[in-house]
>>> print(open('work25.cif').read())   # mmCIF, C-alpha atoms (C1' of nucleotides)
data_data
#
loop_
_atom_site.label_atom_id
_atom_site.label_comp_id
_atom_site.auth_asym_id
_atom_site.auth_seq_id
_atom_site.Cartn_x
_atom_site.Cartn_y
_atom_site.Cartn_z
CA MET A 14 -40.92 30.35 9.72
CA THR A 15 -39.69 26.80 9.54
CA GLU A 16 -41.55 25.18 12.39
CA ASP A 17 -43.37 22.93 9.94
CA LEU A 18 -40.08 21.56 8.66
CA VAL A 19 -38.89 20.91 12.20
CA SER A 20 -41.96 18.91 13.11
CA ILE A 21 -41.96 16.95 9.86
CA LEU A 22 -38.31 16.04 10.36
CA HIS A 23 -38.98 14.98 13.94
CA ALA A 24 -41.96 12.90 12.84
CA ARG A 25 -39.80 11.17 10.27
CA GLY A 26 -36.89 10.69 12.61
CA GLN A 27 -34.65 12.87 10.46
CA ARG A 28 -32.20 15.41 11.76
CA VAL A 29 -32.86 19.09 12.07
CA THR A 30 -29.74 20.72 10.68
CA PRO A 31 -29.01 24.42 10.26
CA GLN A 32 -28.52 23.84 6.53
CA ARG A 33 -32.05 22.54 6.17
CA LEU A 34 -33.57 25.37 8.15
CA VAL A 35 -31.59 28.09 6.43
CA ILE A 36 -32.24 26.77 2.93
CA LEU A 37 -35.99 26.57 3.48
CA ARG A 38 -36.02 30.01 5.05
CA SER A 39 -34.07 31.45 2.14
CA LEU A 40 -36.46 29.85 -0.31
CA ARG A 41 -39.44 31.30 1.53
CA GLU A 42 -37.95 34.73 1.97
CA HIS A 43 -37.04 34.95 -1.68
CA GLY A 44 -40.54 33.98 -2.68
CA GLY A 45 -39.90 33.52 -6.38
CA HIS A 46 -38.22 30.92 -8.52
CA VAL A 47 -34.68 30.26 -7.46
CA THR A 48 -31.82 28.16 -8.77
CA ALA A 49 -29.68 25.94 -6.56
CA GLU A 50 -26.77 28.25 -7.24
CA GLU A 51 -28.77 31.30 -6.07
CA ILE A 52 -29.65 29.46 -2.88
CA CYS A 53 -25.98 28.75 -2.37
CA ARG A 54 -25.09 32.41 -2.70
CA SER A 55 -28.00 33.68 -0.62
CA ILE A 56 -27.12 31.55 2.40
CA ARG A 57 -23.42 32.33 2.26
CA ASP A 58 -23.83 34.95 5.00
CA ASP A 59 -25.77 32.73 7.39
CA LEU A 60 -23.89 29.55 6.69
CA PRO A 61 -20.56 30.10 5.00
CA GLY A 62 -19.12 26.96 3.47
CA THR A 63 -22.37 25.20 2.72
CA SER A 64 -21.61 22.91 -0.16
CA VAL A 65 -23.39 22.58 -3.46
CA PRO A 66 -24.21 18.88 -2.98
CA THR A 67 -25.82 19.72 0.35
CA VAL A 68 -27.98 22.35 -1.28
CA TYR A 69 -29.14 19.90 -3.92
CA ALA A 70 -29.76 17.16 -1.37
CA THR A 71 -31.70 19.53 0.84
CA LEU A 72 -33.81 20.85 -2.01
CA ASP A 73 -34.61 17.27 -3.02
CA LEU A 74 -35.66 16.57 0.53
CA LEU A 75 -37.86 19.66 0.70
CA VAL A 76 -39.55 18.61 -2.52
CA GLU A 77 -40.13 15.13 -1.13
CA LEU A 78 -41.61 16.64 2.03
CA GLY A 79 -43.97 18.74 -0.08
CA LEU A 80 -42.53 22.04 1.13
CA THR A 81 -41.11 23.03 -2.23
CA ARG A 82 -41.80 22.50 -5.90
CA LYS A 83 -39.07 21.77 -8.41
CA LEU A 84 -39.71 23.38 -11.77
CA ASP A 85 -38.30 22.38 -15.08
CA VAL A 86 -39.25 25.04 -17.59
CA GLY A 87 -36.66 24.02 -20.16
CA VAL A 88 -34.04 26.65 -19.43
CA GLY A 89 -31.34 24.11 -18.71
CA TYR A 90 -31.41 24.13 -14.93
CA ALA A 91 -34.00 23.51 -12.26
CA LEU A 92 -35.90 26.22 -10.42
CA TYR A 93 -37.24 25.82 -6.90
CA ASP A 94 -40.46 27.39 -5.77
CA ALA A 95 -41.63 27.74 -2.17
CA ARG A 96 -45.16 28.26 -3.45
CA THR A 97 -46.74 24.83 -3.56
CA ASP A 98 -50.40 25.59 -4.24
CA PRO A 99 -51.66 24.88 -7.75
CA HIS A 100 -50.45 27.42 -10.28
CA GLN A 101 -48.61 27.37 -13.57
CA HIS A 102 -45.71 29.24 -15.18
CA THR A 103 -44.69 31.39 -18.11
CA VAL A 104 -41.15 31.50 -19.44
CA CYS A 105 -39.84 34.21 -21.75
CA ARG A 106 -37.97 32.88 -24.76
CA ARG A 107 -35.89 36.04 -25.00
CA CYS A 108 -34.88 36.98 -21.46
CA GLY A 109 -35.56 33.69 -19.68
CA ARG A 110 -37.77 35.28 -17.06
CA VAL A 111 -40.11 32.87 -15.28
CA ASP A 112 -43.35 34.10 -13.76
CA ASP A 113 -46.32 32.57 -12.03
CA LEU A 114 -49.39 32.07 -14.18
CA GLU A 115 -52.72 31.99 -12.43
CA TYR A 116 -54.45 29.37 -14.48
CA LYS A 117 -56.67 26.55 -13.37
CA LEU A 118 -56.11 23.25 -15.11
CA ASP A 119 -59.25 21.26 -15.74
CA ARG A 120 -58.41 18.54 -13.21
CA GLU A 121 -61.48 16.51 -14.03
CA GLY A 122 -60.74 16.45 -17.72
CA LEU A 123 -57.14 15.60 -16.98
CA THR A 124 -58.10 12.76 -14.69
CA ARG A 125 -60.40 11.39 -17.34
CA ALA A 126 -57.72 11.60 -20.02
CA THR A 127 -54.99 10.00 -17.92
CA GLU A 128 -57.18 7.27 -16.44
CA ALA A 129 -58.31 6.32 -19.92
CA ALA A 130 -54.66 5.48 -20.54
CA GLY A 131 -54.32 3.61 -17.25
CA PHE A 132 -51.96 6.29 -16.01
CA ARG A 133 -51.99 7.26 -12.32
CA ALA A 134 -51.15 10.97 -12.29
CA ASP A 135 -49.79 12.73 -9.25
CA ALA A 136 -48.75 16.09 -10.67
CA ALA A 137 -49.27 18.26 -13.72
CA GLU A 138 -47.05 21.11 -14.84
CA LEU A 139 -47.99 23.57 -17.52
CA VAL A 140 -45.31 25.82 -18.98
CA VAL A 141 -46.31 28.55 -21.40
CA ALA A 142 -43.49 29.91 -23.53
CA GLY A 143 -43.44 33.20 -25.40
CA LEU A 144 -42.41 36.79 -24.82
CA CYS A 145 -42.80 38.51 -21.47
CA ALA A 146 -44.36 41.95 -21.23
CA ASP A 147 -40.95 43.68 -21.18
CA CYS A 148 -39.64 41.81 -24.21
CA VAL A 149 -42.82 42.46 -26.19
CA GLN A 150 -42.15 46.18 -25.68
CA ALA A 151 -38.44 45.98 -26.42
CA PRO A 152 -37.12 47.21 -29.82
CA SER A 153 -36.71 43.56 -30.97
CA GLN A 154 -34.09 40.89 -31.39
CA MET B 30 -41.64 11.88 -47.08
CA THR B 31 -39.51 14.98 -46.72
CA GLU B 32 -40.68 17.06 -49.66
CA ASP B 33 -41.98 19.69 -47.26
CA LEU B 34 -38.53 20.12 -45.76
CA VAL B 35 -36.97 20.45 -49.20
CA SER B 36 -39.33 23.20 -50.25
CA ILE B 37 -39.01 25.06 -46.95
CA LEU B 38 -35.23 24.97 -47.19
CA HIS B 39 -35.36 26.20 -50.80
CA ALA B 40 -37.72 28.99 -49.82
CA ARG B 41 -35.35 30.07 -47.08
CA GLY B 42 -32.27 29.77 -49.23
CA GLN B 43 -30.86 27.04 -47.02
CA ARG B 44 -29.10 23.94 -48.22
CA VAL B 45 -30.71 20.58 -48.68
CA THR B 46 -28.25 18.14 -47.13
CA PRO B 47 -28.56 14.37 -46.75
CA GLN B 48 -28.18 14.77 -42.98
CA ARG B 49 -31.27 16.98 -42.79
CA LEU B 50 -33.35 14.67 -44.93
CA VAL B 51 -32.28 11.51 -43.16
CA ILE B 52 -32.79 12.93 -39.68
CA LEU B 53 -36.29 14.14 -40.45
CA ARG B 54 -37.15 10.85 -42.11
CA SER B 55 -35.85 8.91 -39.12
CA LEU B 56 -37.89 11.08 -36.77
CA ARG B 57 -41.04 10.52 -38.82
CA GLU B 58 -40.49 6.79 -39.24
CA HIS B 59 -39.91 6.32 -35.55
CA GLY B 60 -43.07 8.21 -34.75
CA GLY B 61 -42.56 8.46 -30.99
CA HIS B 62 -40.38 10.51 -28.71
CA VAL B 63 -36.73 10.20 -29.52
CA THR B 64 -33.51 11.43 -27.98
CA ALA B 65 -30.71 13.01 -30.00
CA GLU B 66 -28.60 10.00 -29.20
CA GLU B 67 -31.24 7.62 -30.55
CA ILE B 68 -31.40 9.63 -33.76
CA CYS B 69 -27.64 9.34 -34.01
CA ARG B 70 -27.79 5.58 -33.74
CA SER B 71 -30.78 5.15 -36.00
CA ILE B 72 -29.20 6.98 -38.92
CA ARG B 73 -25.86 5.21 -38.57
CA ASP B 74 -26.78 2.84 -41.41
CA ASP B 75 -27.90 5.49 -43.86
CA LEU B 76 -25.28 8.08 -42.97
CA PRO B 77 -22.32 6.63 -41.11
CA GLY B 78 -20.21 9.23 -39.40
CA THR B 79 -22.90 11.80 -38.82
CA SER B 80 -21.73 13.81 -35.84
CA VAL B 81 -23.57 14.58 -32.65
CA PRO B 82 -23.34 18.35 -33.10
CA THR B 83 -24.88 18.00 -36.54
CA VAL B 84 -27.78 16.03 -35.11
CA TYR B 85 -28.40 18.69 -32.48
CA ALA B 86 -28.09 21.51 -35.00
CA THR B 87 -30.46 19.77 -37.39
CA LEU B 88 -33.02 19.04 -34.71
CA ASP B 89 -32.89 22.68 -33.65
CA LEU B 90 -33.48 23.66 -37.26
CA LEU B 91 -36.41 21.28 -37.64
CA VAL B 92 -37.96 22.73 -34.50
CA GLU B 93 -37.50 26.25 -35.83
CA LEU B 94 -39.13 25.20 -39.11
CA GLY B 95 -42.09 23.81 -37.22
CA LEU B 96 -41.52 20.25 -38.41
CA THR B 97 -40.63 18.90 -34.98
CA ARG B 98 -41.40 19.59 -31.36
CA LYS B 99 -38.75 19.55 -28.68
CA LEU B 100 -40.00 18.17 -25.40
CA ASP B 101 -38.60 18.75 -21.97
CA VAL B 102 -40.38 16.42 -19.59
CA GLY B 103 -37.78 16.73 -16.85
CA VAL B 104 -35.92 13.49 -17.46
CA GLY B 105 -32.58 15.22 -17.96
CA TYR B 106 -32.44 15.19 -21.75
CA ALA B 107 -34.60 16.50 -24.55
CA LEU B 108 -37.02 14.40 -26.56
CA TYR B 109 -37.97 15.15 -30.14
CA ASP B 110 -41.41 14.51 -31.52
CA ALA B 111 -42.41 14.50 -35.18
CA ARG B 112 -46.01 14.94 -34.14
CA THR B 113 -46.62 18.67 -34.08
CA ASP B 114 -50.38 18.91 -33.67
CA PRO B 115 -51.64 19.96 -30.22
CA HIS B 116 -51.32 17.18 -27.67
CA GLN B 117 -49.74 16.75 -24.26
CA HIS B 118 -47.58 14.16 -22.50
CA THR B 119 -47.37 11.84 -19.54
CA VAL B 120 -44.09 10.76 -17.98
CA CYS B 121 -43.71 7.83 -15.63
CA ARG B 122 -41.76 8.60 -12.48
CA ARG B 123 -40.62 5.03 -12.15
CA CYS B 124 -39.68 3.82 -15.63
CA GLY B 125 -39.34 7.14 -17.41
CA ARG B 126 -41.70 6.19 -20.19
CA VAL B 127 -43.18 9.15 -22.08
CA ASP B 128 -46.53 8.85 -23.85
CA ASP B 129 -48.86 11.11 -25.73
CA LEU B 130 -51.81 12.42 -23.78
CA GLU B 131 -54.87 13.39 -25.75
CA TYR B 132 -55.97 16.39 -23.76
CA LYS B 133 -57.24 19.71 -25.00
CA LEU B 134 -55.93 22.73 -23.17
CA ASP B 135 -58.43 25.51 -22.74
CA ARG B 136 -56.75 27.87 -25.19
CA GLU B 137 -59.16 30.68 -24.55
CA GLY B 138 -58.66 30.58 -20.82
CA LEU B 139 -54.93 30.39 -21.32
CA THR B 140 -54.96 33.36 -23.67
CA ARG B 141 -56.94 35.36 -21.15
CA ALA B 142 -54.59 34.44 -18.31
CA THR B 143 -51.40 35.20 -20.22
CA GLU B 144 -52.67 38.40 -21.83
CA ALA B 145 -53.70 39.66 -18.43
CA ALA B 146 -50.01 39.50 -17.57
CA GLY B 147 -48.95 41.15 -20.82
CA PHE B 148 -47.36 37.92 -21.92
CA ARG B 149 -47.42 36.94 -25.59
CA ALA B 150 -47.62 33.16 -25.57
CA ASP B 151 -46.60 31.06 -28.53
CA ALA B 152 -46.60 27.57 -27.05
CA ALA B 153 -47.89 25.67 -24.06
CA GLU B 154 -46.62 22.33 -22.82
CA LEU B 155 -48.37 20.25 -20.23
CA VAL B 156 -46.50 17.38 -18.63
CA VAL B 157 -48.37 15.02 -16.33
CA ALA B 158 -46.17 12.96 -14.03
CA GLY B 159 -47.12 9.79 -12.21
CA LEU B 160 -47.08 6.06 -12.77
CA CYS B 161 -47.71 4.49 -16.16
CA ALA B 162 -50.12 1.59 -16.54
CA ASP B 163 -47.32 -0.99 -16.40
CA CYS B 164 -45.75 0.47 -13.26
CA VAL B 165 -49.11 0.71 -11.49
CA GLN B 166 -49.45 -3.06 -12.01
CA ALA B 167 -45.86 -3.84 -11.04
CA PRO B 168 -45.12 -5.36 -7.58
CA SER B 169 -43.88 -1.93 -6.44
CA GLN B 170 -40.64 -0.06 -5.91
"C1'" DA C 22 -16.21 29.89 -56.37
"C1'" DT C 23 -18.71 30.92 -52.17
"C1'" DT C 24 -19.93 30.06 -47.82
"C1'" DG C 25 -23.25 27.36 -45.21
"C1'" DG C 26 -22.83 22.71 -43.13
"C1'" DT C 27 -20.38 19.20 -41.31
"C1'" DG C 28 -17.12 16.45 -38.33
"C1'" DC C 29 -13.94 16.25 -34.67
"C1'" DA C 30 -12.33 17.15 -30.20
"C1'" DA C 31 -12.62 19.59 -26.44
"C1'" DA C 32 -15.18 22.59 -23.36
"C1'" DT C 33 -19.18 23.92 -20.70
"C1'" DC C 34 -22.78 23.54 -17.59
"C1'" DC C 35 -25.74 21.55 -14.11
"C1'" DT C 36 -26.05 17.89 -11.08
"C1'" DT C 37 -24.55 13.66 -8.74
"C1'" DT C 38 -21.25 10.44 -6.53
"C1'" DG C 39 -17.66 8.56 -3.23
"C1'" DC C 40 -15.67 9.04 0.84
"C1'" DA C 41 -13.77 10.88 5.06
"C1'" DA C 42 -14.99 14.14 8.70
"C1'" DT C 43 -18.68 16.19 11.54
"C1'" DA C 44 -22.49 16.91 14.31
"C1'" DG C 45 -27.54 15.65 15.57
"C1'" DC C 46 -29.92 12.67 18.41
"C1'" DG D 18 -21.71 6.66 20.66
"C1'" DC D 19 -24.13 5.76 16.59
"C1'" DT D 20 -25.08 7.04 12.04
"C1'" DA D 21 -27.32 10.53 9.22
"C1'" DT D 22 -25.46 14.75 7.13
"C1'" DT D 23 -22.10 17.41 5.55
"C1'" DG D 24 -18.06 19.13 2.65
"C1'" DC D 25 -14.76 18.37 -0.71
"C1'" DA D 26 -13.12 16.96 -5.01
"C1'" DA D 27 -13.98 14.69 -8.73
"C1'" DA D 28 -17.04 12.33 -12.02
"C1'" DG D 29 -21.00 12.20 -14.97
"C1'" DG D 30 -23.92 13.13 -18.87
"C1'" DA D 31 -26.33 16.11 -22.14
"C1'" DT D 32 -25.45 19.80 -25.07
"C1'" DT D 33 -22.50 23.43 -27.17
"C1'" DT D 34 -18.33 25.62 -29.05
"C1'" DG D 35 -14.20 26.50 -32.15
"C1'" DC D 36 -12.18 25.52 -36.11
"C1'" DA D 37 -10.64 23.30 -40.32
"C1'" DC D 38 -12.61 20.76 -44.18
"C1'" DC D 39 -16.21 19.69 -47.43
"C1'" DA D 40 -19.96 19.93 -50.37
"C1'" DA D 41 -24.54 22.31 -51.93
"C1'" DT D 42 -25.67 26.01 -54.64
#
>>> encode(input="work25.cif", output="structure tokens")
Amino acid sequence: MTEDLVSILHARGQRVTPQRLVILRSLREHGGHVTAEEICRSIRDDLPGTSVPTVYATLDLLVELGLTRKLDVGVGYALYDARTDPHQHTVCRRCGRVDDLEYKLDREGLTRATEAAGFRADAAELVVAGLCADCVQAPSQ
Amino acid sequence: MTEDLVSILHARGQRVTPQRLVILRSLREHGGHVTAEEICRSIRDDLPGTSVPTVYATLDLLVELGLTRKLDVGVGYALYDARTDPHQHTVCRRCGRVDDLEYKLDREGLTRATEAAGFRADAAELVVAGLCADCVQAPSQ
DNA sequence: ATTGGTGCAAATCCTTTGCAATAGC
DNA sequence: GCTATTGCAAAGGATTTGCACCAAT
């Protein structure tokens, strides 16, 4: 499940550590959007004593390697997403729930708009805020 | 320059305080994307002693009233924008510069995608990351 | 006169840093 | 054995809280 990470690390001359393998596996098994703290808790069984700084450092590395996406949806902490293909996100203003949004950005239009400004874009993140299906139903407040 | 705020506050039965007027005026005079801390400094002349919590509370209020937009572009702190008409943003990975991006989201497509999920959207923010014109030119690193 | 707003200081929260100890290679 | 990684504790920085005072209505 983490063979790709192993070969990338080898290719880059970086070390294959259990922390790196376990964190990526946890991310992939979870499948959704996870906080660093949730990763910490979820790997406690496999690797007791893994430190918070290590989790952050590893997540940063995975992002750099293109194996993970770091999401900032404005909830005050970062979310990590093992799904790296193009998709967007919704965030519920009431309950904070974050879901995938299958929506295609108009890449051509975006490229045109950014190049007009001399900007060299390498990523685009769309966050749609509002009320999730559950909270729309809910009594209110 | 802040008559709209005065009438909204009256209509809502809220108080018209110098802090509220000065902060909105500062935001509008600046025109760009400002941090809470920059607001604090910029109003020091008009209203010495204005506290940080007041600035945050006022900015929150202005956002709620629809007179300001709060931006989270992933730089670790919020930016406030007096421009509230639909537009998006670019953020430079190297120098952190944030600029307006004139790009029209496909509202219809977005509505379709979010409604399919039962989500009631009320705002959409697109942040494009990359290198700004200056940093593209720059020697590198 | 009421009570919503403000200022102050301290707390909170996520994330990063410094440094010694450890473990990949 | 060499040095990248790790763990620990502590620092950092943006934002929020609690509470007494003040000022807008």
>>> atom_distance(input="work25.cif", atom1="atom CA of Arg49 of chain B", atom2="atom CA of Ala86 of chain B")
9.6 Å
>>> closest_atom_pairs(input="work25.cif", of="segment 55-97 of chain B", to="segment 22-40 of chain C", cutoff="9 Å", atoms="only C-alpha atoms (C1' of nucleotides)", output="tab-separated table")
residue	atom	partner	partner_atom	distance
B:Gly78	CA	C:DG28	C1'	7.9
B:Thr79	CA	C:DG28	C1'	7.4
B:Ser80	CA	C:DG28	C1'	5.9
B:Val81	CA	C:DG28	C1'	8.8
B:Pro82	CA	C:DG28	C1'	8.3
B:Thr83	CA	C:DT27	C1'	6.7
>>> write_last_selection(input="work25.cif", atoms="C-alpha atoms", output="short mmCIF file (atom, residue, chain, number, x, y, z; two decimals), in the frame of the given file")
data_model
loop_
_atom_site.label_atom_id
_atom_site.label_comp_id
_atom_site.auth_asym_id
_atom_site.auth_seq_id
_atom_site.Cartn_x
_atom_site.Cartn_y
_atom_site.Cartn_z
CA GLY B 78 -20.21 9.23 -39.40
CA THR B 79 -22.90 11.80 -38.82
CA SER B 80 -21.73 13.81 -35.84
CA VAL B 81 -23.57 14.58 -32.65
CA PRO B 82 -23.34 18.35 -33.10
CA THR B 83 -24.88 18.00 -36.54
#
>>> interface_residues(input="work25.cif", of="chain D", to="chain A", cutoff="12 Å", atoms="all atoms listed in the file", output="number ranges by chain")
D: 20-26, 31-32
>>> atom_distance(input="work25.cif", atom1="atom CA of Val68 of chain A", atom2="atom CA of Leu100 of chain B")
27.3 Å
>>> resolve_selection(input="work25.cif", expression="the PyMOL selection byres ((chain A and resi 128) around 12)", output="VMD selection string")
(chain A and resid 120 to 127 129 to 135) or (chain B and resid 119 130 to 132 157 159 to 162 165)
>>> build_atoms(input="work25.cif", residues="segment 135-145 of chain A", atoms="all heavy atoms", output="PDB file, in the coordinates of the input")
ATOM      1  N   ASP A 135     -49.908  12.096 -10.555  1.00  0.00           N
ATOM      2  CA  ASP A 135     -49.790  12.730  -9.250  1.00  0.00           C
ATOM      3  C   ASP A 135     -49.363  14.189  -9.321  1.00  0.00           C
ATOM      4  O   ASP A 135     -49.275  14.870  -8.313  1.00  0.00           O
ATOM      5  CB  ASP A 135     -48.868  11.937  -8.319  1.00  0.00           C
ATOM      6  CG  ASP A 135     -47.456  11.831  -8.849  1.00  0.00           C
ATOM      7  OD1 ASP A 135     -46.943  12.818  -9.397  1.00  0.00           O
ATOM      8  OD2 ASP A 135     -46.858  10.749  -8.703  1.00  0.00           O
ATOM      9  N   ALA A 136     -49.106  14.677 -10.529  1.00  0.00           N
ATOM     10  CA  ALA A 136     -48.750  16.090 -10.670  1.00  0.00           C
ATOM     11  C   ALA A 136     -48.878  16.487 -12.132  1.00  0.00           C
ATOM     12  O   ALA A 136     -48.706  15.663 -13.029  1.00  0.00           O
ATOM     13  CB  ALA A 136     -47.336  16.338 -10.188  1.00  0.00           C
ATOM     14  N   ALA A 137     -49.192  17.759 -12.352  1.00  0.00           N
ATOM     15  CA  ALA A 137     -49.270  18.260 -13.720  1.00  0.00           C
ATOM     16  C   ALA A 137     -48.651  19.646 -13.773  1.00  0.00           C
ATOM     17  O   ALA A 137     -48.931  20.490 -12.927  1.00  0.00           O
ATOM     18  CB  ALA A 137     -50.728  18.321 -14.167  1.00  0.00           C
ATOM     19  N   GLU A 138     -47.747  19.830 -14.726  1.00  0.00           N
ATOM     20  CA  GLU A 138     -47.050  21.110 -14.840  1.00  0.00           C
ATOM     21  C   GLU A 138     -47.275  21.686 -16.223  1.00  0.00           C
ATOM     22  O   GLU A 138     -46.999  21.028 -17.228  1.00  0.00           O
ATOM     23  CB  GLU A 138     -45.536  20.923 -14.645  1.00  0.00           C
ATOM     24  CG  GLU A 138     -45.161  20.287 -13.328  1.00  0.00           C
ATOM     25  CD  GLU A 138     -44.872  21.325 -12.259  1.00  0.00           C
ATOM     26  OE1 GLU A 138     -44.832  22.535 -12.576  1.00  0.00           O
ATOM     27  OE2 GLU A 138     -44.695  20.918 -11.104  1.00  0.00           O
ATOM     28  N   LEU A 139     -47.774  22.911 -16.246  1.00  0.00           N
ATOM     29  CA  LEU A 139     -47.990  23.570 -17.520  1.00  0.00           C
ATOM     30  C   LEU A 139     -47.005  24.730 -17.654  1.00  0.00           C
ATOM     31  O   LEU A 139     -46.907  25.581 -16.779  1.00  0.00           O
ATOM     32  CB  LEU A 139     -49.421  24.118 -17.585  1.00  0.00           C
ATOM     33  CG  LEU A 139     -49.771  24.953 -18.806  1.00  0.00           C
ATOM     34  CD1 LEU A 139     -49.771  24.106 -20.066  1.00  0.00           C
ATOM     35  CD2 LEU A 139     -51.138  25.606 -18.620  1.00  0.00           C
ATOM     36  N   VAL A 140     -46.256  24.723 -18.734  1.00  0.00           N
ATOM     37  CA  VAL A 140     -45.310  25.820 -18.980  1.00  0.00           C
ATOM     38  C   VAL A 140     -45.695  26.495 -20.288  1.00  0.00           C
ATOM     39  O   VAL A 140     -45.768  25.848 -21.335  1.00  0.00           O
ATOM     40  CB  VAL A 140     -43.868  25.294 -19.072  1.00  0.00           C
ATOM     41  CG1 VAL A 140     -42.920  26.430 -19.433  1.00  0.00           C
ATOM     42  CG2 VAL A 140     -43.444  24.649 -17.758  1.00  0.00           C
ATOM     43  N   VAL A 141     -45.959  27.782 -20.210  1.00  0.00           N
ATOM     44  CA  VAL A 141     -46.310  28.550 -21.400  1.00  0.00           C
ATOM     45  C   VAL A 141     -45.102  29.369 -21.816  1.00  0.00           C
ATOM     46  O   VAL A 141     -44.576  30.144 -21.025  1.00  0.00           O
ATOM     47  CB  VAL A 141     -47.508  29.485 -21.123  1.00  0.00           C
ATOM     48  CG1 VAL A 141     -47.827  30.308 -22.357  1.00  0.00           C
ATOM     49  CG2 VAL A 141     -48.710  28.677 -20.678  1.00  0.00           C
ATOM     50  N   ALA A 142     -44.661  29.181 -23.040  1.00  0.00           N
ATOM     51  CA  ALA A 142     -43.490  29.910 -23.530  1.00  0.00           C
ATOM     52  C   ALA A 142     -43.920  31.025 -24.470  1.00  0.00           C
ATOM     53  O   ALA A 142     -44.965  30.938 -25.108  1.00  0.00           O
ATOM     54  CB  ALA A 142     -42.548  28.952 -24.244  1.00  0.00           C
ATOM     55  N   GLY A 143     -43.122  32.069 -24.534  1.00  0.00           N
ATOM     56  CA  GLY A 143     -43.440  33.200 -25.400  1.00  0.00           C
ATOM     57  C   GLY A 143     -42.592  34.397 -25.013  1.00  0.00           C
ATOM     58  O   GLY A 143     -41.456  34.236 -24.575  1.00  0.00           O
ATOM     59  N   LEU A 144     -43.156  35.587 -25.179  1.00  0.00           N
ATOM     60  CA  LEU A 144     -42.410  36.790 -24.820  1.00  0.00           C
ATOM     61  C   LEU A 144     -43.078  37.467 -23.630  1.00  0.00           C
ATOM     62  O   LEU A 144     -44.290  37.675 -23.627  1.00  0.00           O
ATOM     63  CB  LEU A 144     -42.368  37.770 -26.000  1.00  0.00           C
ATOM     64  CG  LEU A 144     -41.532  37.348 -27.207  1.00  0.00           C
ATOM     65  CD1 LEU A 144     -41.528  38.464 -28.258  1.00  0.00           C
ATOM     66  CD2 LEU A 144     -40.102  37.003 -26.796  1.00  0.00           C
ATOM     67  N   CYS A 145     -42.266  37.821 -22.635  1.00  0.00           N
ATOM     68  CA  CYS A 145     -42.800  38.510 -21.470  1.00  0.00           C
ATOM     69  C   CYS A 145     -43.153  39.955 -21.832  1.00  0.00           C
ATOM     70  O   CYS A 145     -42.745  40.450 -22.887  1.00  0.00           O
ATOM     71  CB  CYS A 145     -41.798  38.471 -20.321  1.00  0.00           C
ATOM     72  SG  CYS A 145     -40.368  39.536 -20.566  1.00  0.00           S
TER      73      CYS A 145
END
